[in-house]
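Visitor: Structure supplied as start-v8.cif; contents: mmCIF, C-alpha atoms and all ligand atoms.
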```cif
data_final
loop_
_atom_site.label_atom_id
_atom_site.label_comp_id
_atom_site.auth_asym_id
_atom_site.auth_seq_id
_atom_site.Cartn_x
_atom_site.Cartn_y
_atom_site.Cartn_z
CA MET A 1 21.27 5.08 4.39
CA ARG A 2 19.56 4.43 1.08
CA ILE A 3 16.15 2.82 1.11
CA ARG A 4 15.69 0.58 -1.91
CA LYS A 5 13.47 -2.34 -0.90
CA ALA A 6 9.71 -2.50 -0.65
CA VAL A 7 7.28 -5.08 0.64
CA ILE A 8 3.73 -5.17 -0.67
CA PRO A 9 1.43 -7.52 1.25
CA ALA A 10 -1.22 -8.89 -1.12
CA ALA A 11 -2.28 -12.17 0.45
CA GLY A 12 -5.66 -11.17 1.94
CA PHE A 13 -8.88 -12.77 0.75
CA GLY A 14 -10.60 -9.48 -0.09
CA THR A 15 -13.69 -10.48 1.86
CA ARG A 16 -14.95 -6.87 1.88
CA PHE A 17 -15.25 -7.16 -1.89
CA LEU A 18 -16.97 -10.48 -2.43
CA PRO A 19 -18.20 -11.84 -4.78
CA ALA A 20 -15.94 -9.87 -7.18
CA THR A 21 -12.88 -11.22 -5.36
CA LYS A 22 -14.05 -14.84 -5.25
CA ALA A 23 -11.88 -15.80 -8.22
CA MET A 24 -9.75 -12.67 -8.67
CA PRO A 25 -7.26 -10.93 -6.37
CA LYS A 26 -8.63 -7.66 -5.01
CA GLU A 27 -5.30 -6.06 -5.92
CA MET A 28 -6.26 -6.55 -9.57
CA LEU A 29 -9.48 -4.51 -9.30
CA PRO A 30 -9.18 -1.94 -12.07
CA ILE A 31 -9.04 1.77 -11.42
CA ILE A 32 -10.56 2.52 -14.82
CA ASP A 33 -8.06 0.57 -16.97
CA LYS A 34 -5.16 -0.10 -14.62
CA PRO A 35 -5.16 -2.58 -11.72
CA ALA A 36 -4.81 -1.02 -8.27
CA ILE A 37 -1.53 -2.85 -7.60
CA GLN A 38 0.13 -1.16 -10.57
CA PHE A 39 -0.38 2.22 -8.89
CA ILE A 40 1.32 0.82 -5.79
CA VAL A 41 4.29 -0.59 -7.69
CA GLU A 42 4.64 2.64 -9.68
CA GLU A 43 4.62 4.71 -6.49
CA ALA A 44 7.42 2.55 -5.10
CA VAL A 45 9.45 2.87 -8.29
CA LYS A 46 8.95 6.66 -8.44
CA SER A 47 10.21 6.78 -4.86
CA GLY A 48 13.55 5.21 -5.77
CA ILE A 49 12.71 1.60 -4.87
CA ASP A 50 14.18 -0.98 -7.23
CA ASP A 51 13.63 -4.24 -5.38
CA ILE A 52 10.07 -5.28 -4.52
CA LEU A 53 8.64 -8.28 -2.70
CA ILE A 54 4.95 -8.99 -3.12
CA ILE A 55 3.55 -11.33 -0.49
CA THR A 56 0.87 -13.38 -2.20
CA GLY A 57 -1.22 -16.39 -1.31
CA ARG A 58 -3.58 -18.90 -2.87
CA GLY A 59 -5.44 -17.63 -5.93
CA LYS A 60 -3.12 -14.67 -6.52
CA PHE A 61 -1.26 -15.91 -9.57
CA GLU A 62 -2.80 -13.15 -11.74
CA ILE A 63 -0.57 -10.64 -9.97
CA GLU A 64 2.55 -12.55 -11.06
CA ASP A 65 1.21 -12.90 -14.59
CA TYR A 66 0.43 -9.20 -14.73
CA PHE A 67 4.02 -8.10 -14.10
CA ASP A 68 5.42 -10.79 -16.40
CA ARG A 69 5.93 -10.51 -20.14
CA ALA A 70 2.74 -11.37 -22.09
CA PHE A 71 4.34 -12.73 -25.28
CA GLU A 72 1.14 -13.71 -27.05
CA VAL A 73 -0.67 -10.39 -26.58
CA GLU A 74 2.49 -8.41 -27.31
CA GLU A 75 3.01 -10.36 -30.54
CA VAL A 76 -0.57 -9.67 -31.65
CA LEU A 77 -0.16 -5.94 -30.89
CA ARG A 78 3.12 -5.88 -32.83
CA ARG A 79 1.50 -7.57 -35.84
CA LYS A 80 -1.48 -5.20 -35.78
CA GLY A 81 0.79 -2.18 -35.43
CA LYS A 82 -0.78 -1.17 -32.09
CA LEU A 83 2.54 0.14 -30.91
CA ASP A 84 1.26 2.56 -28.23
CA MET A 85 -0.39 -0.25 -26.30
CA LEU A 86 2.62 -2.51 -26.90
CA LYS A 87 4.83 0.15 -25.33
CA LYS A 88 2.47 0.38 -22.33
CA LEU A 89 2.64 -3.39 -21.79
CA GLU A 90 6.42 -3.42 -22.12
CA GLU A 91 6.67 -0.67 -19.51
CA ILE A 92 4.72 -2.87 -17.08
CA ASP A 93 7.05 -5.85 -17.78
CA ASN A 94 10.07 -3.66 -17.02
CA LEU A 95 8.77 -1.68 -14.04
CA ALA A 96 10.95 -3.23 -11.36
CA ASP A 97 12.59 -6.36 -10.09
CA ILE A 98 9.65 -8.09 -8.42
CA HIS A 99 9.91 -11.14 -6.17
CA TYR A 100 7.02 -13.16 -4.83
CA LEU A 101 6.52 -15.10 -1.66
CA ARG A 102 3.41 -16.97 -0.63
CA GLN A 103 1.96 -16.53 2.83
CA LYS A 104 0.50 -19.93 3.64
CA ASP A 105 -1.35 -19.00 6.82
CA MET A 106 -3.44 -15.85 6.94
CA LEU A 107 -2.40 -14.71 10.40
CA GLY A 108 -2.52 -10.97 9.80
CA LEU A 109 -0.58 -8.05 8.36
CA GLY A 110 2.21 -8.34 10.95
CA HIS A 111 2.67 -11.99 10.08
CA ALA A 112 2.83 -11.17 6.35
CA ILE A 113 5.54 -8.55 6.95
CA LEU A 114 7.51 -10.98 9.10
CA LYS A 115 7.65 -13.29 6.06
CA ALA A 116 9.74 -10.61 4.34
CA LYS A 117 12.54 -10.81 6.93
CA SER A 118 15.11 -12.63 4.80
CA PHE A 119 14.32 -10.52 1.72
CA VAL A 120 14.79 -7.30 3.69
CA GLY A 121 17.85 -8.34 5.70
CA ASP A 122 19.40 -5.59 7.77
CA GLU A 123 18.15 -2.59 5.78
CA PRO A 124 15.36 -0.10 6.31
CA PHE A 125 12.49 -0.80 3.94
CA VAL A 126 9.11 0.40 2.80
CA VAL A 127 5.71 -1.25 3.22
CA LEU A 128 2.88 -0.26 0.87
CA LEU A 129 -0.63 -1.59 1.39
CA GLY A 130 -2.62 -2.23 -1.75
CA ASP A 131 -5.94 -0.86 -0.45
CA ASP A 132 -4.58 2.64 -0.13
CA LEU A 133 -3.73 4.99 -2.98
CA VAL A 134 -2.35 8.47 -2.46
CA LYS A 135 -2.76 11.02 -5.22
CA ALA A 136 0.06 13.49 -4.71
CA SER A 137 2.55 15.51 -6.73
CA VAL A 138 5.43 14.04 -4.70
CA PRO A 139 4.77 10.31 -4.11
CA CYS A 140 3.79 9.65 -0.49
CA THR A 141 6.48 6.97 -0.16
CA LYS A 142 9.16 9.34 -1.43
CA ASP A 143 8.14 11.91 1.18
CA LEU A 144 8.33 9.28 3.97
CA ILE A 145 11.74 8.07 2.75
CA HIS A 146 13.02 11.65 2.76
CA HIS A 147 12.04 12.08 6.43
CA ALA A 148 13.20 8.60 7.48
CA GLU A 149 16.63 9.19 5.96
CA LYS A 150 16.93 12.56 7.71
CA LEU A 151 15.76 11.25 11.09
CA GLY A 152 17.33 7.78 10.91
CA SER A 153 14.01 6.47 12.27
CA SER A 154 10.89 4.68 11.12
CA VAL A 155 8.25 7.02 9.66
CA ILE A 156 4.65 6.10 8.89
CA ALA A 157 2.03 8.00 6.91
CA VAL A 158 -1.04 9.36 8.69
CA GLU A 159 -4.08 11.44 7.83
CA GLU A 160 -6.85 13.05 9.85
CA ILE A 161 -10.16 11.21 9.56
CA PRO A 162 -13.62 11.74 11.00
CA MET A 163 -13.76 10.27 14.53
CA GLU A 164 -16.57 7.86 13.54
CA LYS A 165 -14.14 6.07 11.22
CA VAL A 166 -11.31 5.40 13.70
CA HIS A 167 -12.55 1.84 14.33
CA SER A 168 -11.38 0.88 10.81
CA TYR A 169 -7.74 1.99 11.16
CA GLY A 170 -4.62 2.06 13.25
CA VAL A 171 -4.57 5.36 15.16
CA VAL A 172 -1.63 7.25 16.67
CA ASP A 173 -1.17 9.37 19.74
CA ALA A 174 1.45 11.84 18.61
CA GLU A 175 2.97 15.24 19.20
CA GLU A 176 3.64 17.57 16.26
CA VAL A 177 7.36 18.42 16.08
CA SER A 178 7.28 20.40 12.86
CA ASN A 179 4.77 21.11 10.15
CA GLY A 180 2.98 17.79 9.50
CA LEU A 181 5.67 15.71 11.23
CA PHE A 182 4.77 14.04 14.53
CA LYS A 183 6.68 12.05 17.12
CA ILE A 184 4.59 9.04 18.04
CA LYS A 185 3.76 8.47 21.70
CA ASP A 186 1.54 5.43 21.21
CA LEU A 187 -0.37 3.49 18.58
CA VAL A 188 -3.59 1.50 18.74
CA GLU A 189 -5.14 -0.77 16.16
CA LYS A 190 -8.80 -0.16 15.28
CA PRO A 191 -9.87 1.55 18.52
CA SER A 192 -13.42 2.51 19.44
CA VAL A 193 -14.19 6.24 19.43
CA GLU A 194 -13.76 6.22 23.24
CA GLU A 195 -10.37 4.45 23.09
CA ALA A 196 -8.95 6.49 20.18
CA PRO A 197 -6.18 8.85 21.30
CA SER A 198 -6.69 11.08 18.23
CA ASN A 199 -8.19 11.08 14.75
CA LEU A 200 -4.80 10.58 13.06
CA ALA A 201 -5.18 7.32 11.15
CA ILE A 202 -2.35 5.21 9.79
CA LEU A 203 -2.68 4.73 6.07
CA GLY A 204 -0.87 2.03 4.23
CA ARG A 205 2.60 3.51 3.83
CA TYR A 206 5.45 2.79 6.23
CA VAL A 207 9.22 3.21 6.21
CA LEU A 208 10.49 0.75 8.79
CA MET A 209 13.86 0.11 10.37
CA PRO A 210 14.83 -3.57 10.28
CA GLU A 211 14.53 -3.97 14.07
CA VAL A 212 10.77 -4.17 13.49
CA PHE A 213 11.25 -7.90 12.82
CA GLU A 214 12.35 -8.54 16.43
CA TYR A 215 9.11 -6.96 17.61
CA LEU A 216 6.99 -8.78 15.02
CA GLU A 217 8.46 -12.08 16.20
CA ASN A 218 7.22 -11.32 19.70
CA THR A 219 3.81 -9.93 18.79
CA LYS A 220 0.84 -12.00 19.91
CA PRO A 221 -2.45 -11.98 17.99
CA GLY A 222 -4.39 -8.78 18.72
CA ARG A 223 -7.42 -7.14 17.07
CA ASN A 224 -9.45 -9.73 15.10
CA SER A 225 -7.07 -12.42 16.50
CA GLU A 226 -4.49 -11.35 13.90
CA ILE A 227 -0.82 -10.49 14.35
CA GLN A 228 -1.01 -6.75 13.89
CA LEU A 229 1.80 -4.57 12.54
CA THR A 230 0.44 -1.72 14.69
CA ASP A 231 0.99 -3.81 17.87
CA ALA A 232 4.61 -4.55 16.87
CA LEU A 233 5.17 -0.83 16.23
CA ARG A 234 3.64 -0.04 19.60
CA ALA A 235 6.21 -2.25 21.34
CA MET A 236 9.03 -0.92 19.14
CA ASN A 237 8.08 2.69 19.90
CA LYS A 238 8.87 2.10 23.59
CA GLU A 239 12.54 1.55 22.65
CA HIS A 240 13.02 3.31 19.29
CA ASP A 241 11.61 6.61 18.05
CA ILE A 242 8.90 6.33 15.42
CA TYR A 243 7.53 9.34 13.56
CA ALA A 244 4.28 9.96 11.70
CA LYS A 245 4.03 12.18 8.66
CA LYS A 246 0.79 13.67 7.44
CA ILE A 247 0.39 12.99 3.74
CA ASN A 248 0.67 15.76 1.16
CA GLY A 249 -2.04 14.59 -1.14
CA LYS A 250 -5.36 12.83 -1.30
CA TRP A 251 -5.91 9.44 0.31
CA LEU A 252 -8.13 7.18 -1.78
CA THR A 253 -8.95 3.62 -0.95
CA VAL A 254 -10.19 0.57 -2.77
CA GLY A 255 -10.95 -1.31 0.44
CA ASN A 256 -14.73 -1.44 0.08
CA LYS A 257 -17.30 -0.73 -2.61
CA VAL A 258 -18.23 2.80 -1.47
CA GLU A 259 -14.62 4.00 -1.30
CA TYR A 260 -13.76 2.15 -4.50
CA PHE A 261 -16.57 3.91 -6.32
CA LYS A 262 -15.39 7.31 -5.04
CA THR A 263 -11.86 6.45 -6.17
CA LEU A 264 -13.11 5.55 -9.65
CA LEU A 265 -14.91 8.89 -9.91
CA GLU A 266 -11.82 10.75 -8.72
CA PHE A 267 -9.65 9.12 -11.41
CA ALA A 268 -12.36 9.54 -14.06
CA ARG A 269 -12.24 13.29 -13.49
CA ASP A 270 -8.56 13.27 -14.52
CA ASP A 271 -9.37 11.70 -17.88
CA PRO A 272 -10.80 14.25 -20.36
CA GLU A 273 -12.83 11.59 -22.19
CA LEU A 274 -14.42 10.30 -18.98
CA LEU A 275 -14.87 13.77 -17.51
CA LYS A 276 -17.02 14.56 -20.52
CA VAL A 277 -19.16 11.49 -19.78
CA LEU A 278 -19.52 12.48 -16.12
CA LYS A 279 -20.68 15.93 -17.19
CA GLU A 280 -23.18 14.44 -19.66
CA LEU A 281 -24.56 12.31 -16.84
CA GLY A 282 -24.74 15.36 -14.59
CA LEU A 283 -22.25 13.89 -12.09
C1 LIG B 1 -4.32 -2.07 7.98
C2 LIG B 1 -3.59 -1.70 9.27
C3 LIG B 1 -4.18 -0.42 9.87
C4 LIG B 1 -4.15 0.69 8.83
C5 LIG B 1 -4.87 0.23 7.55
C6 LIG B 1 -4.71 1.26 6.45
O1 LIG B 1 -5.65 -2.45 8.32
O2 LIG B 1 -3.68 -2.77 10.19
O3 LIG B 1 -3.44 -0.03 11.00
O4 LIG B 1 -4.77 1.84 9.37
O5 LIG B 1 -4.35 -1.00 7.06
O6 LIG B 1 -5.45 0.93 5.33
P1 LIG B 1 -6.60 -3.30 7.32
O7 LIG B 1 -7.21 -2.31 6.39
O8 LIG B 1 -5.72 -4.27 6.62
O9 LIG B 1 -7.62 -3.96 8.20
#
```
Could the structure of this file be written out as structure tokens, please?

Guide:
Amino acid sequence: MRIRKAVIPAAGFGTRFLPATKAMPKEMLPIIDKPAIQFIVEEAVKSGIDDILIITGRGKFEIEDYFDRAFEVEEVLRRKGKLDMLKKLEEIDNLADIHYLRQKDMLGLGHAILKAKSFVGDEPFVVLLGDDLVKASVPCTKDLIHHAEKLGSSVIAVEEIPMEKVHSYGVVDAEEVSNGLFKIKDLVEKPSVEEAPSNLAILGRYVLMPEVFEYLENTKPGRNSEIQLTDALRAMNKEHDIYAKKINGKWLTVGNKVEYFKTLLEFARDDPELLKVLKELGL
């Protein structure tokens, strides 16, 4: 079993980030000088994925433009001898084979994934959510693929979070089978503190077996009246084993302004020029 396809849902309106996302996809929000979605695509590529489907929607054409060749800019850079930047742009053009599909109705994450059915076919595949970045020496997706291939089962990434945040995430009830690897007993989407079976939150990385589509097809709208991937996984887990793997790295998100700001600071610290500025500012 070799896992080589990835699906990146990017159709959401980005309402948590208005007005910045009124006329710009939230996936294009820059982490310093690189849009968030590039980190996601790079993680997939570093994990051995060579075929990527990005699910887009209205107003998301910038994402397609970004991964396309930018002849005019590249020509100007060539003429001006700015070859380092030219090389950077060419690397983006050549990152991977990227396909696009537009989700016409915003019926939820589960619905977006279901749109990928004919692209995925009968193979296991990876889902990466654009709000979540994982800083790690071994890419999070690569780690999940490693376990999924060994187990022959779906594996999703989880991380412990403070109990007061469980209402924002999918949460698993799971039993640890080896260091950081859990067998899932149940899953619940955005529970209240009282309903949450644990503080192990699902973050946006999944390796899924293709049977997930059968369950997605039968999933009714759940939390926020949306077709939830977590609900499909809950039904699937009753008939097929699903595992959860704690991430080896740091989970950063760009889902709202507070987390986005923290993510920017985290990446700034990795850049000597910006680190100097942070120190000058006493940050
Ligand atoms: C989605 C999933 C949720 C998961 C989260 C991770 O929620 O439905 O289970 O925990 O991503 O970021 P969303 O953030 O799209 O509401």

Visitor: How would you report the residues lying within 7 Å of ligand LIG 1 (chain B), as a list in words, if you count all atoms listed in the file?

Guide: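 Residues lying within 7 Å of ligand LIG 1 (chain B): Leu109, Leu129, Asp131, Asp132, Ser168, Tyr169, Gly170, Val171, Glu189, Lys190, Ala201, Ile202, Leu203, Gly204, Gln228, Leu229 and Thr230 of chain A.
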
Visitor: Neighbours of Ala136 (chain A) within 9 Å (all atoms listed in the file; same-chain residues fewer than 3 positions away dropped), as an NGL selection string?

Guide: :A and (139-140 or 247-251)

Visitor: Neighbouring residues of region 91-105 of chain A were defined as those with any atom within 9 Å, considering only C-alpha atoms; residues of the same chain fewer than 5 positions away were excluded. Please report them as a PDB file with C-alpha atoms, in the coordinates of the input.

Guide:
```pdb
ATOM      1  CA  ALA A  11      -2.280 -12.170   0.450  1.00  0.00           C
ATOM      2  CA  GLN A  38       0.130  -1.160 -10.570  1.00  0.00           C
ATOM      3  CA  VAL A  41       4.290  -0.590  -7.690  1.00  0.00           C
ATOM      4  CA  GLU A  42       4.640   2.640  -9.680  1.00  0.00           C
ATOM      5  CA  VAL A  45       9.450   2.870  -8.290  1.00  0.00           C
ATOM      6  CA  ILE A  49      12.710   1.600  -4.870  1.00  0.00           C
ATOM      7  CA  ASP A  50      14.180  -0.980  -7.230  1.00  0.00           C
ATOM      8  CA  ASP A  51      13.630  -4.240  -5.380  1.00  0.00           C
ATOM      9  CA  ILE A  52      10.070  -5.280  -4.520  1.00  0.00           C
ATOM     10  CA  LEU A  53       8.640  -8.280  -2.700  1.00  0.00           C
ATOM     11  CA  ILE A  54       4.950  -8.990  -3.120  1.00  0.00           C
ATOM     12  CA  ILE A  55       3.550 -11.330  -0.490  1.00  0.00           C
ATOM     13  CA  THR A  56       0.870 -13.380  -2.200  1.00  0.00           C
ATOM     14  CA  GLY A  57      -1.220 -16.390  -1.310  1.00  0.00           C
ATOM     15  CA  ARG A  58      -3.580 -18.900  -2.870  1.00  0.00           C
ATOM     16  CA  GLU A  64       2.550 -12.550 -11.060  1.00  0.00           C
ATOM     17  CA  TYR A  66       0.430  -9.200 -14.730  1.00  0.00           C
ATOM     18  CA  PHE A  67       4.020  -8.100 -14.100  1.00  0.00           C
ATOM     19  CA  ASP A  68       5.420 -10.790 -16.400  1.00  0.00           C
ATOM     20  CA  ARG A  69       5.930 -10.510 -20.140  1.00  0.00           C
ATOM     21  CA  ALA A  70       2.740 -11.370 -22.090  1.00  0.00           C
ATOM     22  CA  LEU A  86       2.620  -2.510 -26.900  1.00  0.00           C
ATOM     23  CA  HIS A 111       2.670 -11.990  10.080  1.00  0.00           C
ATOM     24  CA  ALA A 112       2.830 -11.170   6.350  1.00  0.00           C
ATOM     25  CA  LYS A 115       7.650 -13.290   6.060  1.00  0.00           C
ATOM     26  CA  ALA A 116       9.740 -10.610   4.340  1.00  0.00           C
TER      27      ALA A 116
END
```

Visitor: A:Arg2, A:Lys82, A:Arg234, A:Lys22: which is nearest Asp186 (chain A), counting all atoms listed in the file?

Guide: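 Checking each candidate against Asp186 (chain A), we get A:Arg234 as the closest.
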
Visitor: Using only C-alpha atoms, which residues sit within 9 Å of Gly130 (chain A) once same-chain residues fewer than 2 positions away are excluded, as a list of chain:residue names?

Guide: A:Ile8, A:Pro9, A:Ala10, A:Lys26, A:Glu27, A:Ala36, A:Ile37, A:Phe39, A:Ile40, A:Leu128, A:Asp132, A:Leu133, A:Gly204, A:Thr253, A:Val254, A:Gly255

Visitor: Any chance you could export the current selection's C-alpha atoms as a PDB file, keeping the file's coordinate frame?

Guide:
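selection32.pdb, freshly written:
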```pdb
ATOM      1  CA  ILE A   8       3.730  -5.170  -0.670  1.00  0.00           C
ATOM      2  CA  PRO A   9       1.430  -7.520   1.250  1.00  0.00           C
ATOM      3  CA  ALA A  10      -1.220  -8.890  -1.120  1.00  0.00           C
ATOM      4  CA  LYS A  26      -8.630  -7.660  -5.010  1.00  0.00           C
ATOM      5  CA  GLU A  27      -5.300  -6.060  -5.920  1.00  0.00           C
ATOM      6  CA  ALA A  36      -4.810  -1.020  -8.270  1.00  0.00           C
ATOM      7  CA  ILE A  37      -1.530  -2.850  -7.600  1.00  0.00           C
ATOM      8  CA  PHE A  39      -0.380   2.220  -8.890  1.00  0.00           C
ATOM      9  CA  ILE A  40       1.320   0.820  -5.790  1.00  0.00           C
ATOM     10  CA  LEU A 128       2.880  -0.260   0.870  1.00  0.00           C
ATOM     11  CA  ASP A 132      -4.580   2.640  -0.130  1.00  0.00           C
ATOM     12  CA  LEU A 133      -3.730   4.990  -2.980  1.00  0.00           C
ATOM     13  CA  GLY A 204      -0.870   2.030   4.230  1.00  0.00           C
ATOM     14  CA  THR A 253      -8.950   3.620  -0.950  1.00  0.00           C
ATOM     15  CA  VAL A 254     -10.190   0.570  -2.770  1.00  0.00           C
ATOM     16  CA  GLY A 255     -10.950  -1.310   0.440  1.00  0.00           C
TER      17      GLY A 255
END
```

Visitor: Leaving out region 143-160 of chain A and any residue of its chain fewer than 5 positions from it, which residues lie within 6 Å of it when counting all atoms listed in the file, given as a count of residues only?

Guide: 15

Visitor: Have a look at CA of Ile32 (chain A) and CA of Asp84 (chain A) and let me know their distance in Å, one decimal.

Guide: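 Between these atoms lies a distance of 17.9 Å.
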
Visitor: Point out the residue among A:Glu195, A:Asp65, A:Glu175, A:Glu211 with the least atom-to-atom distance to Met163 (chain A), counting all atoms listed in the file.

Guide: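 Checking each candidate against Met163 (chain A), we get A:Glu195 as the closest.
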
Visitor: Counting all atoms listed in the file, write as a ChimeraX atom specification all protein and nucleic acid residues lying at most 7 Å from (-6.8, -15.8, -6.2) in the file's frame.

Guide: /A:23-25,58-61

Visitor: Would you mind telling me which residue in A:Asn218, A:Ser178, A:Ser137, A:Ser198 lies nearest to Leu114 (chain A) when using only C-alpha atoms?

Guide: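 Checking each candidate against Leu114 (chain A), we get A:Asn218 as the closest.
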
Visitor: Report as JSON the centre and the edge lengths, in Å to one decimal, of the axis-aligned box holding every listed atom of region 217-231 of chain A, padded by 5 Å on each side.

Guide:
```
{"center_x": -0.5, "center_y": -7.1, "center_z": 16.2, "size_x": 27.9, "size_y": 20.7, "size_z": 17.4}
```

Visitor: Suppose you want the space between CA of Asp122 (chain A) and CA of Leu107 (chain A); what is it in Å?

Guide: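 Separation between CA of Asp122 (chain A) and CA of Leu107 (chain A): 23.8 Å.
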
Visitor: Select, from A:Ala20, A:Val134, A:Val76, A:Met106, the residue with the minimum atom-to-atom distance to Ala44 (chain A), counting only C-alpha atoms.

Guide: A:Val134

Visitor: Because some atoms of region 106-113 of chain A are absent here, can you restore all heavy atoms and send them as an mmCIF file, in the coordinates of the input?

Guide:
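Dumped to result.cif:
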```cif
data_model
loop_
_atom_site.group_PDB
_atom_site.id
_atom_site.type_symbol
_atom_site.label_atom_id
_atom_site.label_comp_id
_atom_site.auth_asym_id
_atom_site.auth_seq_id
_atom_site.Cartn_x
_atom_site.Cartn_y
_atom_site.Cartn_z
ATOM 1 N N MET A 106 -2.987 -17.247 6.883
ATOM 2 C CA MET A 106 -3.440 -15.850 6.940
ATOM 3 C C MET A 106 -3.526 -15.426 8.410
ATOM 4 O O MET A 106 -4.597 -15.489 9.000
ATOM 5 C CB MET A 106 -4.809 -15.712 6.283
ATOM 6 C CG MET A 106 -4.838 -16.189 4.860
ATOM 7 S SD MET A 106 -3.730 -15.190 3.859
ATOM 8 C CE MET A 106 -4.018 -15.911 2.282
ATOM 9 N N LEU A 107 -2.396 -15.038 8.971
ATOM 10 C CA LEU A 107 -2.400 -14.710 10.400
ATOM 11 C C LEU A 107 -2.328 -13.215 10.658
ATOM 12 O O LEU A 107 -2.097 -12.788 11.774
ATOM 13 C CB LEU A 107 -1.247 -15.446 11.110
ATOM 14 C CG LEU A 107 -1.256 -16.976 10.993
ATOM 15 C CD1 LEU A 107 -0.079 -17.588 11.721
ATOM 16 C CD2 LEU A 107 -2.569 -17.543 11.555
ATOM 17 N N GLY A 108 -2.480 -12.420 9.604
ATOM 18 C CA GLY A 108 -2.520 -10.970 9.800
ATOM 19 C C GLY A 108 -1.398 -10.237 9.092
ATOM 20 O O GLY A 108 -0.431 -10.841 8.612
ATOM 21 N N LEU A 109 -1.542 -8.896 9.053
ATOM 22 C CA LEU A 109 -0.580 -8.050 8.360
ATOM 23 C C LEU A 109 0.834 -8.181 8.950
ATOM 24 O O LEU A 109 1.827 -8.282 8.226
ATOM 25 C CB LEU A 109 -1.057 -6.580 8.441
ATOM 26 C CG LEU A 109 -0.136 -5.522 7.855
ATOM 27 C CD1 LEU A 109 0.093 -5.753 6.366
ATOM 28 C CD2 LEU A 109 -0.717 -4.121 8.093
ATOM 29 N N GLY A 110 0.899 -8.219 10.285
ATOM 30 C CA GLY A 110 2.210 -8.340 10.950
ATOM 31 C C GLY A 110 2.898 -9.632 10.543
ATOM 32 O O GLY A 110 4.111 -9.661 10.280
ATOM 33 N N HIS A 111 2.136 -10.687 10.462
ATOM 34 C CA HIS A 111 2.670 -11.990 10.080
ATOM 35 C C HIS A 111 3.165 -11.955 8.633
ATOM 36 O O HIS A 111 4.236 -12.492 8.313
ATOM 37 C CB HIS A 111 1.573 -13.050 10.270
ATOM 38 C CG HIS A 111 1.987 -14.431 9.880
ATOM 39 N ND1 HIS A 111 1.549 -15.032 8.730
ATOM 40 C CD2 HIS A 111 2.812 -15.313 10.482
ATOM 41 C CE1 HIS A 111 2.078 -16.242 8.641
ATOM 42 N NE2 HIS A 111 2.849 -16.441 9.693
ATOM 43 N N ALA A 112 2.410 -11.284 7.754
ATOM 44 C CA ALA A 112 2.830 -11.170 6.350
ATOM 45 C C ALA A 112 4.159 -10.430 6.254
ATOM 46 O O ALA A 112 5.070 -10.846 5.524
ATOM 47 C CB ALA A 112 1.754 -10.444 5.536
ATOM 48 N N ILE A 113 4.295 -9.347 7.013
ATOM 49 C CA ILE A 113 5.540 -8.550 6.950
ATOM 50 C C ILE A 113 6.719 -9.381 7.487
ATOM 51 O O ILE A 113 7.823 -9.328 6.960
ATOM 52 C CB ILE A 113 5.416 -7.237 7.766
ATOM 53 C CG1 ILE A 113 4.210 -6.418 7.321
ATOM 54 C CG2 ILE A 113 6.700 -6.395 7.670
ATOM 55 C CD1 ILE A 113 4.248 -5.873 5.939
#
```
